[in-house]
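J.: Sharing a structure, written as structure tokens. Questions coming.
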Amino acid sequence: MADFQTPEFREYPAVPNVLVPDATAHLSPFVAKPNHQEQLGFPGELVDNWEEKAVDKMGDLLSKYRGLRVYLDSCVKCGSCTDKCHYFQGTSDPKNMPVARQDLLRSVYRRYFTFAGKYFPKLVGARDMTREVLDEWYSYFHQCSQCRRCSVFCPYGIDTAEISMAAREIMDHVGLGQKYCNEILGKLQTVGNNLGLPGPALAATLEEYGEEIEDDTGLPVKLPLDIKGADILLITPSADFFAEPHIDGLMGYAKVFHEAGVSWTLSSHASEAANFSMFIGSYSNMKKVAERIRDAALELGVKRVMVGECGHAWRVAYSFWNTLTGIGAGADPNDEYAQKLQKQLDPSVPQPMHICEFTHDLIQKGKLRFDKSVNDERVVTFHDSCNVARASRMGDMPGGQFIIPREVIKACCNNFVDMDPETIQEKTYCCGGGGGLLTDDLMEIRVKGALPRMEALKDVADNRGVNTLAAICAICKAQFAKVLPYYDFPMHMLVSTHQLVGEALVMTGSEQEKELLGEDADEAPEAKAAEQD
Amino acid sequence: MATMTVNGRELEVDEEGYLIDLSQWDKEVGEELAKSENVEMTESHWEVIDFLREYYDEYQIAPAVRVLTKAIGKKLGKEKGNSKYLYELFPYGPAKQACKIAGLPKPTGCI
């Protein structure tokens with residue numbers, strides 16, 4: 001384990017940090033191996049004339065992405081963003097101020113792409129593309145989780161995530177990639193998921209979970225795989241098959257589907273919602289990964305595509321799947337398969353749909369019955385995932401991405417408390433592990449970056465009795481499972497949102513229903529359902 | 001490439017000390033890997049490691065945590081069939097730490 005100190009809780013609400021220059025300059029994730037790079041179409045190692053290639057690639061990105069140039073041109077150094085980044089708050093390193101992070105790239109942009117920078121570089125803080133600059137990029141663009149909290153406070157709406165993605169794309173193109181993201185993307189494109197979980201292992205695993213639900217409920221609840229003609233294809237993070245508490249969320253979805261009486265399936269070809277291509281700013285890889293989902297949906301002939309609890313995947317799905325794959329309106333006219341899929345999917349329901357929207361809809365229609373008392377020992381708070389909160393929506397009302405998960409939790413828990421309003425919804429803090437930072441070699445920045453979220457959690461734990469933290473993102477869950485103990489919270493206070501749903505759901509004909517009816521046999525099930533509303 | 005030495009044998013490992021070629025693994029290598037993790041191996045530890053290797057042989061991947069806990073519970077009694085028991089044996093997490101000692105590749109993804 002690396003040697004570092006978990007930050008002390010600050011006085012709450014926090015006072016400004018005392019700057020510690022280069023506090024985390026030593027952090028730098030493992031570099032991708034040549035085979036990881038080449039699988040994604042990038043050079044295996046740093047190319048000879050990389051300085052020139054990097055500048056060329058920046059020019060290419062500037063010509064394609066108008067927003068990038070606007071973000072690089074429009075900063076007026078007002079200072080509004082400086083203390084808004086969780087990594088800055090946790091490290092006090094001034095280079096983790098969003099404006100300083102942007103300047104790492106902006107300074108090179110000015111040198112090669114602006115009049116003043118070309119002729120008077122020193123006057124405008126323009127820098128040559130040197131090895132020192134590259135190393136600084138590699139370090140500090142991997143201390144950004146692309147959570148976009150800073151952009152909420154920027155009067156010009158400058159999106160640091162966009163800049164960080166561009167920097168990583170440039171680095172990949174000169175042969176300097178990050179091992180964690182690129183190795184995983186390779187597995188995803190060959191095996192079908194981030195874990196490298198092959199089809200037979202997935203089938204065996206799902207069968208075990210089905211048995212577990214049956215043992216618990218007495219009902220033959222299945223987690224179907226590769227079922228042709230199913231109505232719904234569920235695309236969920238592969239962590240849902242593998243890790244805790246993710247697995248309990250997956251079993252929650254299965255129970256909801258069963259109770260709703262719909263036919264659904266998972267796919268062994270597209271057994272992953274995650275698409276880390278977004279983190280590395282690679283459009284070509286993002287499309288390739290998304291096309292696996294398009295192909296699976298066509299092959300299985302489904303009518304709907306739904307997404308499980310995964311933050312960045314929901315951004316990719318909600319914002320980009322339509323043009324990438326034809327899931328939603330906007331299929332590329334030259335992509336016959338996307339066109340075909342767009343026609344195949346049911347236009348009367350949102351495509352794609354988030355699992356929380358599906359569950360929420362059933363709750364509103366009174367189709368799910370809960371015994372909230374099973375969650376009575378819990379006082380629950382909810383962590384808004386950055387990509388869901390600031391880069392997407394759920395349902396058909398503004399703020400649906402904040403309202404719907406909370407309504408789902410409240411439907412199955414009696415005790416719900418929100419954290420400080422400055423730390424939730426559109427101002428939510430990143431868990432500290434997003435954007436491709438969820439790797440052991442970056443544990444120091446993960447722990448330090450979790451500080452603001454942990455402080456807000458401590459506040460409600462101490463003052464409101466919160467003992468349960470619910471999340472809707474595989475990265476948030478894995479990150480919290482690791483960092484909660486650093487801040488003296490128990491690891492098991494973390495739950496999947498659909499775990500709460502699954503635990504409280506009283507399925508028709510289940511052991512839980514019999515028990516409940518036995519207790520108050522005179523009360524009809526309908527009356528019980530009405531009481532929940 | 002980094003290496004580890006076991007009884008005079010030089011074995012390749014990755015940046016985090018995971019064995020590259022899992023066919024080179026034997027109990028001695030497992031002991032050495034456990035030392036690097038500050039885990040003192042007992043019979044209970046080996047039971048988990050053996051199961052991991054068997055499962056990997058069949059499926060080319062380590063088992064999911066729940067699959068592992070259920071299998072351990074079936075084999076060794078219900079009181080051991082939970083992740084708390086596994087975390088007591090492998091404090092850094094059964095998936096990553098136990099896999100390393102078993103000579104298996106590190107599980108990747110959002111876990």
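Convention: chains lettered A, B, ... in structure tokens order; per-chain residue numbering from 1; ligands numbered from 1 as shown.
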Applying 10 Å and only C-alpha atoms, which residues near Glu31 (chain B) remain after dropping the ones on its own chain fewer than 2 positions away? List them as a list in words.

T.: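 In the requested format, the answer is Val6, Asp26, Lys27, Glu28, Val29, Leu33, Ala34, Lys35, Ser36, Glu37, Val39, Glu40, Met41, Trp46, Ile101 and Ala102 of chain B.
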
J.: Please write the residues from the selection above to a file, keeping N, CA and C atoms, as a PDB file, in the first residue's frame.

T.:
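Result written to again-v6.pdb:
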```pdb
ATOM      1  N   VAL B   6      11.427 -17.211  -6.082  1.00  0.00           N
ATOM      2  CA  VAL B   6      10.938 -18.255  -5.186  1.00  0.00           C
ATOM      3  C   VAL B   6      11.900 -19.434  -5.284  1.00  0.00           C
ATOM      4  N   ASP B  26       2.729 -22.556  -7.759  1.00  0.00           N
ATOM      5  CA  ASP B  26       2.566 -23.715  -6.874  1.00  0.00           C
ATOM      6  C   ASP B  26       2.441 -23.164  -5.453  1.00  0.00           C
ATOM      7  N   LYS B  27       2.307 -24.057  -4.476  1.00  0.00           N
ATOM      8  CA  LYS B  27       2.062 -23.599  -3.107  1.00  0.00           C
ATOM      9  C   LYS B  27       3.169 -22.678  -2.592  1.00  0.00           C
ATOM     10  N   GLU B  28       4.396 -22.986  -2.983  1.00  0.00           N
ATOM     11  CA  GLU B  28       5.534 -22.144  -2.556  1.00  0.00           C
ATOM     12  C   GLU B  28       5.384 -20.718  -3.084  1.00  0.00           C
ATOM     13  N   VAL B  29       4.997 -20.641  -4.357  1.00  0.00           N
ATOM     14  CA  VAL B  29       4.783 -19.319  -4.965  1.00  0.00           C
ATOM     15  C   VAL B  29       3.652 -18.602  -4.218  1.00  0.00           C
ATOM     16  N   LEU B  33       3.772 -14.999  -2.435  1.00  0.00           N
ATOM     17  CA  LEU B  33       2.837 -13.922  -2.785  1.00  0.00           C
ATOM     18  C   LEU B  33       2.087 -13.450  -1.539  1.00  0.00           C
ATOM     19  N   ALA B  34       1.732 -14.396  -0.674  1.00  0.00           N
ATOM     20  CA  ALA B  34       1.024 -14.047   0.565  1.00  0.00           C
ATOM     21  C   ALA B  34       1.899 -13.160   1.446  1.00  0.00           C
ATOM     22  N   LYS B  35       3.199 -13.486   1.492  1.00  0.00           N
ATOM     23  CA  LYS B  35       4.125 -12.666   2.292  1.00  0.00           C
ATOM     24  C   LYS B  35       4.119 -11.220   1.799  1.00  0.00           C
ATOM     25  N   SER B  36       4.112 -11.059   0.477  1.00  0.00           N
ATOM     26  CA  SER B  36       4.134  -9.697  -0.077  1.00  0.00           C
ATOM     27  C   SER B  36       2.869  -8.934   0.308  1.00  0.00           C
ATOM     28  N   GLU B  37       1.815  -9.648   0.662  1.00  0.00           N
ATOM     29  CA  GLU B  37       0.547  -9.026   1.051  1.00  0.00           C
ATOM     30  C   GLU B  37       0.381  -8.996   2.580  1.00  0.00           C
ATOM     31  N   VAL B  39      -0.076 -11.474   4.484  1.00  0.00           N
ATOM     32  CA  VAL B  39      -1.118 -12.412   4.897  1.00  0.00           C
ATOM     33  C   VAL B  39      -0.432 -13.693   5.356  1.00  0.00           C
ATOM     34  N   GLU B  40      -0.742 -14.116   6.566  1.00  0.00           N
ATOM     35  CA  GLU B  40      -0.177 -15.369   7.045  1.00  0.00           C
ATOM     36  C   GLU B  40      -1.125 -16.504   6.693  1.00  0.00           C
ATOM     37  N   MET B  41      -0.631 -17.416   5.898  1.00  0.00           N
ATOM     38  CA  MET B  41      -1.506 -18.447   5.347  1.00  0.00           C
ATOM     39  C   MET B  41      -1.803 -19.532   6.387  1.00  0.00           C
ATOM     40  N   TRP B  46      -5.933 -21.504   2.588  1.00  0.00           N
ATOM     41  CA  TRP B  46      -5.704 -22.415   1.446  1.00  0.00           C
ATOM     42  C   TRP B  46      -7.010 -22.954   0.884  1.00  0.00           C
ATOM     43  N   ILE B 101      -2.736 -14.088  -4.479  1.00  0.00           N
ATOM     44  CA  ILE B 101      -2.050 -15.199  -3.809  1.00  0.00           C
ATOM     45  C   ILE B 101      -2.268 -16.502  -4.581  1.00  0.00           C
ATOM     46  N   ALA B 102      -3.424 -16.616  -5.217  1.00  0.00           N
ATOM     47  CA  ALA B 102      -3.729 -17.816  -6.007  1.00  0.00           C
ATOM     48  C   ALA B 102      -3.032 -17.794  -7.363  1.00  0.00           C
TER      49      ALA B 102
END
```

J.: If we count only C-alpha atoms and set the cut-off at 12 Å, which residues sit around Tyr85 (chain B), ignoring sequence neighbours fewer than 6 positions away in its own chain? Please answer as an NGL selection string.

T.: :B and (44-45 or 48 or 65 or 68-70 or 72-73 or 76-79 or 91 or 93-94)

J.: Counting only C-alpha atoms, which residue out of B:Gly103, B:Gly8, B:Gly81, B:Pro63 sits closest to chain A?

T.: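 That would be B:Pro63, the residue with the smallest distance to chain A.
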
J.: Residues of region 66-227 of chain A in helix (DSSP H, G or I) according to DSSP, as a VMD selection string?

T.: chain A and resid 66 to 74 86 to 91 94 to 96 98 to 113 115 to 119 121 to 124 131 to 140 149 to 153 160 to 173 179 to 190 199 to 217

J.: Got time to write the residues from that selection, C-alpha atoms, as a tab-separated table (two decimals), in the first residue's frame?

T.:
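Listing of part_38.tsv after writing:
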```
chain	number	residue	atom	x	y	z
A	66	ARG	CA	-16.15	23.59	-31.37
A	67	GLY	CA	-16.84	23.48	-27.64
A	68	LEU	CA	-13.25	22.62	-26.88
A	69	ARG	CA	-11.96	25.78	-28.57
A	70	VAL	CA	-14.60	27.90	-26.83
A	71	TYR	CA	-13.63	26.45	-23.44
A	72	LEU	CA	-9.95	27.12	-24.11
A	73	ASP	CA	-10.59	30.67	-25.30
A	74	SER	CA	-13.19	31.92	-22.87
A	86	HIS	CA	-13.15	17.54	-4.65
A	87	TYR	CA	-9.56	16.67	-5.60
A	88	PHE	CA	-8.47	20.21	-4.84
A	89	GLN	CA	-10.34	20.13	-1.54
A	90	GLY	CA	-8.77	16.82	-0.59
A	91	THR	CA	-5.21	17.57	-1.70
A	94	PRO	CA	-3.26	24.29	-6.64
A	95	LYS	CA	-2.93	22.32	-9.90
A	96	ASN	CA	-6.12	20.54	-8.89
A	98	PRO	CA	-10.15	23.33	-12.29
A	99	VAL	CA	-8.77	26.50	-13.89
A	100	ALA	CA	-5.21	25.31	-13.32
A	101	ARG	CA	-6.03	21.90	-14.74
A	102	GLN	CA	-7.49	23.55	-17.85
A	103	ASP	CA	-4.40	25.76	-18.11
A	104	LEU	CA	-2.17	22.70	-18.45
A	105	LEU	CA	-3.72	22.21	-21.87
A	106	ARG	CA	-4.66	25.81	-22.54
A	107	SER	CA	-1.03	26.95	-22.32
A	108	VAL	CA	-0.06	24.54	-25.13
A	109	TYR	CA	-3.14	25.51	-27.14
A	110	ARG	CA	-2.10	29.16	-26.93
A	111	ARG	CA	1.45	28.41	-28.08
A	112	TYR	CA	0.40	26.65	-31.28
A	113	PHE	CA	-3.07	27.90	-32.09
A	115	PHE	CA	-1.60	34.64	-32.62
A	116	ALA	CA	-0.34	36.00	-29.29
A	117	GLY	CA	0.99	32.61	-28.18
A	118	LYS	CA	2.84	32.04	-31.44
A	119	TYR	CA	4.70	35.35	-31.28
A	121	PRO	CA	4.42	33.13	-25.72
A	122	LYS	CA	5.73	34.45	-22.40
A	123	LEU	CA	3.21	37.27	-22.32
A	124	VAL	CA	0.23	34.94	-22.49
A	131	ARG	CA	8.28	16.10	-21.96
A	132	GLU	CA	7.79	18.02	-18.73
A	133	VAL	CA	4.42	19.25	-19.93
A	134	LEU	CA	3.43	15.76	-21.07
A	135	ASP	CA	4.29	14.25	-17.69
A	136	GLU	CA	2.34	16.98	-15.95
A	137	TRP	CA	-0.64	16.21	-18.18
A	138	TYR	CA	-0.37	12.51	-17.46
A	139	SER	CA	-0.38	13.15	-13.73
A	140	TYR	CA	-3.01	15.86	-13.38
A	149	ARG	CA	-19.00	20.01	-10.77
A	150	CYS	CA	-16.70	22.94	-11.56
A	151	SER	CA	-18.65	23.70	-14.74
A	152	VAL	CA	-21.82	24.28	-12.69
A	153	PHE	CA	-20.09	27.21	-10.99
A	160	THR	CA	-13.14	20.79	-17.57
A	161	ALA	CA	-14.21	17.21	-18.33
A	162	GLU	CA	-14.17	18.01	-22.05
A	163	ILE	CA	-10.63	19.36	-21.70
A	164	SER	CA	-9.49	16.40	-19.65
A	165	MET	CA	-10.98	14.00	-22.22
A	166	ALA	CA	-9.18	15.86	-25.02
A	167	ALA	CA	-5.87	15.66	-23.15
A	168	ARG	CA	-6.25	11.93	-22.65
A	169	GLU	CA	-7.19	11.45	-26.30
A	170	ILE	CA	-4.05	13.33	-27.35
A	171	MET	CA	-1.89	11.26	-25.00
A	172	ASP	CA	-3.38	8.00	-26.31
A	173	HIS	CA	-2.62	9.12	-29.86
A	179	LYS	CA	-3.42	1.01	-18.16
A	180	TYR	CA	-6.66	0.84	-16.16
A	181	CYS	CA	-8.96	2.31	-18.83
A	182	ASN	CA	-7.26	0.86	-21.87
A	183	GLU	CA	-6.77	-2.68	-20.61
A	184	ILE	CA	-10.44	-2.77	-19.62
A	185	LEU	CA	-11.60	-1.38	-22.96
A	186	GLY	CA	-9.65	-4.16	-24.65
A	187	LYS	CA	-11.45	-6.80	-22.58
A	188	LEU	CA	-14.78	-5.15	-23.26
A	189	GLN	CA	-14.18	-5.26	-27.01
A	190	THR	CA	-13.06	-8.90	-27.03
A	199	GLY	CA	-20.37	-16.26	-21.40
A	200	PRO	CA	-20.34	-19.66	-19.63
A	201	ALA	CA	-19.14	-18.09	-16.38
A	202	LEU	CA	-21.84	-15.42	-16.67
A	203	ALA	CA	-24.53	-18.05	-17.25
A	204	ALA	CA	-23.39	-20.08	-14.23
A	205	THR	CA	-23.24	-16.96	-12.05
A	206	LEU	CA	-26.73	-15.80	-13.03
A	207	GLU	CA	-28.13	-19.22	-12.30
A	208	GLU	CA	-26.74	-19.06	-8.77
A	209	TYR	CA	-28.40	-15.70	-8.18
A	210	GLY	CA	-31.71	-17.05	-9.44
A	211	GLU	CA	-31.42	-19.90	-6.96
A	212	GLU	CA	-30.67	-17.47	-4.17
A	213	ILE	CA	-33.80	-15.44	-4.93
A	214	GLU	CA	-35.86	-18.62	-5.12
A	215	ASP	CA	-34.53	-19.78	-1.76
A	216	ASP	CA	-35.51	-16.44	-0.30
A	217	THR	CA	-38.91	-15.88	-1.91
```

J.: For chain A, list the residues within 9 Å of chain B, counting only C-alpha atoms, and write the list as a CSV table (one decimal) with C-alpha atoms, in the first residue's frame.

T.:
```
chain,number,residue,atom,x,y,z
A,30,PHE,CA,0.3,2.8,-14.5
A,180,TYR,CA,-6.7,0.8,-16.2
A,181,CYS,CA,-9.0,2.3,-18.8
A,183,GLU,CA,-6.8,-2.7,-20.6
A,184,ILE,CA,-10.4,-2.8,-19.6
A,193,ASN,CA,-17.4,-6.8,-20.5
A,194,ASN,CA,-14.9,-4.9,-18.3
A,195,LEU,CA,-14.3,-8.0,-16.1
A,196,GLY,CA,-13.4,-10.3,-18.9
A,197,LEU,CA,-16.2,-12.6,-17.7
A,198,PRO,CA,-16.8,-15.2,-20.4
A,200,PRO,CA,-20.3,-19.7,-19.6
A,201,ALA,CA,-19.1,-18.1,-16.4
A,205,THR,CA,-23.2,-17.0,-12.1
A,208,GLU,CA,-26.7,-19.1,-8.8
A,209,TYR,CA,-28.4,-15.7,-8.2
A,237,PRO,CA,-22.4,-2.8,-15.5
A,238,SER,CA,-20.6,-6.1,-15.2
A,239,ALA,CA,-19.8,-5.3,-11.6
A,241,PHE,CA,-22.5,-9.8,-11.7
A,242,PHE,CA,-19.4,-9.8,-9.6
A,243,ALA,CA,-19.1,-7.5,-6.6
A,244,GLU,CA,-21.0,-6.5,-3.5
A,246,HIS,CA,-23.8,-4.5,-6.8
A,247,ILE,CA,-25.1,-8.1,-6.9
A,274,ALA,CA,-19.8,0.8,-18.9
A,438,LEU,CA,-11.0,3.7,-9.9
A,439,THR,CA,-7.7,1.8,-9.8
A,441,ASP,CA,-2.5,2.7,-8.2
A,474,ALA,CA,-21.0,0.8,-10.1
A,475,ILE,CA,-18.0,3.1,-9.9
A,476,CYS,CA,-19.5,5.0,-6.9
A,477,LYS,CA,-20.2,1.7,-5.2
A,478,ALA,CA,-16.8,0.2,-5.7
A,479,GLN,CA,-15.1,3.5,-4.7
A,481,ALA,CA,-16.7,0.2,-0.6
A,482,LYS,CA,-12.9,0.9,-0.6
```

J.: Taking only chain B into account, list the residues labelled strand (DSSP E) by DSSP (computed from the backbone), as JSON, numbers by chain.

T.: {"B": [2, 3, 4, 5, 6, 9, 10, 11, 12, 13]}

J.: Export, as an mmCIF file, in the first residue's frame, the selected residues with C-alpha atoms.

T.:
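As written to disk, result_31.cif reads:
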```
data_model
loop_
_atom_site.group_PDB
_atom_site.id
_atom_site.type_symbol
_atom_site.label_atom_id
_atom_site.label_comp_id
_atom_site.auth_asym_id
_atom_site.auth_seq_id
_atom_site.Cartn_x
_atom_site.Cartn_y
_atom_site.Cartn_z
ATOM 1 C CA ALA B 2 9.388 -6.983 -12.548
ATOM 2 C CA THR B 3 10.184 -10.391 -11.124
ATOM 3 C CA MET B 4 9.854 -12.309 -7.872
ATOM 4 C CA THR B 5 12.201 -15.001 -6.660
ATOM 5 C CA VAL B 6 10.938 -18.255 -5.186
ATOM 6 C CA ARG B 9 13.268 -19.412 -9.529
ATOM 7 C CA GLU B 10 12.764 -16.034 -11.216
ATOM 8 C CA LEU B 11 9.095 -15.470 -12.009
ATOM 9 C CA GLU B 12 7.647 -12.547 -13.944
ATOM 10 C CA VAL B 13 5.066 -10.395 -12.173
#
```

J.: Find, counting only C-alpha atoms, the residue in B:Leu22, B:Leu52, B:Ala71, B:Met1 that gets nearest to Lys96 (chain B).

T.: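 Of the candidates, the smallest distance to Lys96 (chain B) is held by B:Leu52.
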
J.: As an exercise, work out the distance from CA of Lys100 (chain B) to CA of Glu88 (chain B) in Å and give it to one decimal place.

T.: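 We find that CA of Lys100 (chain B) and CA of Glu88 (chain B) lie 16.2 Å from each other.
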
J.: So how many Å separate CA of Arg390 (chain A) and CA of Glu426 (chain A), to one decimal?

T.: 5.8 Å

J.: How many Å lie between CA of Glu272 (chain A) and CA of Leu341 (chain A), rounded to one decimal?

T.: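 Interatomic distance, CA of Glu272 (chain A) to CA of Leu341 (chain A): 18.8 Å.
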
J.: Could you pull the residues within 10 Å of Met353 (chain A), counting only C-alpha atoms, minus those fewer than 3 positions along the same chain, as a ChimeraX atom specification?

T.: /A:234,304-308,314,317-318,328,349-350,356-358,394-395
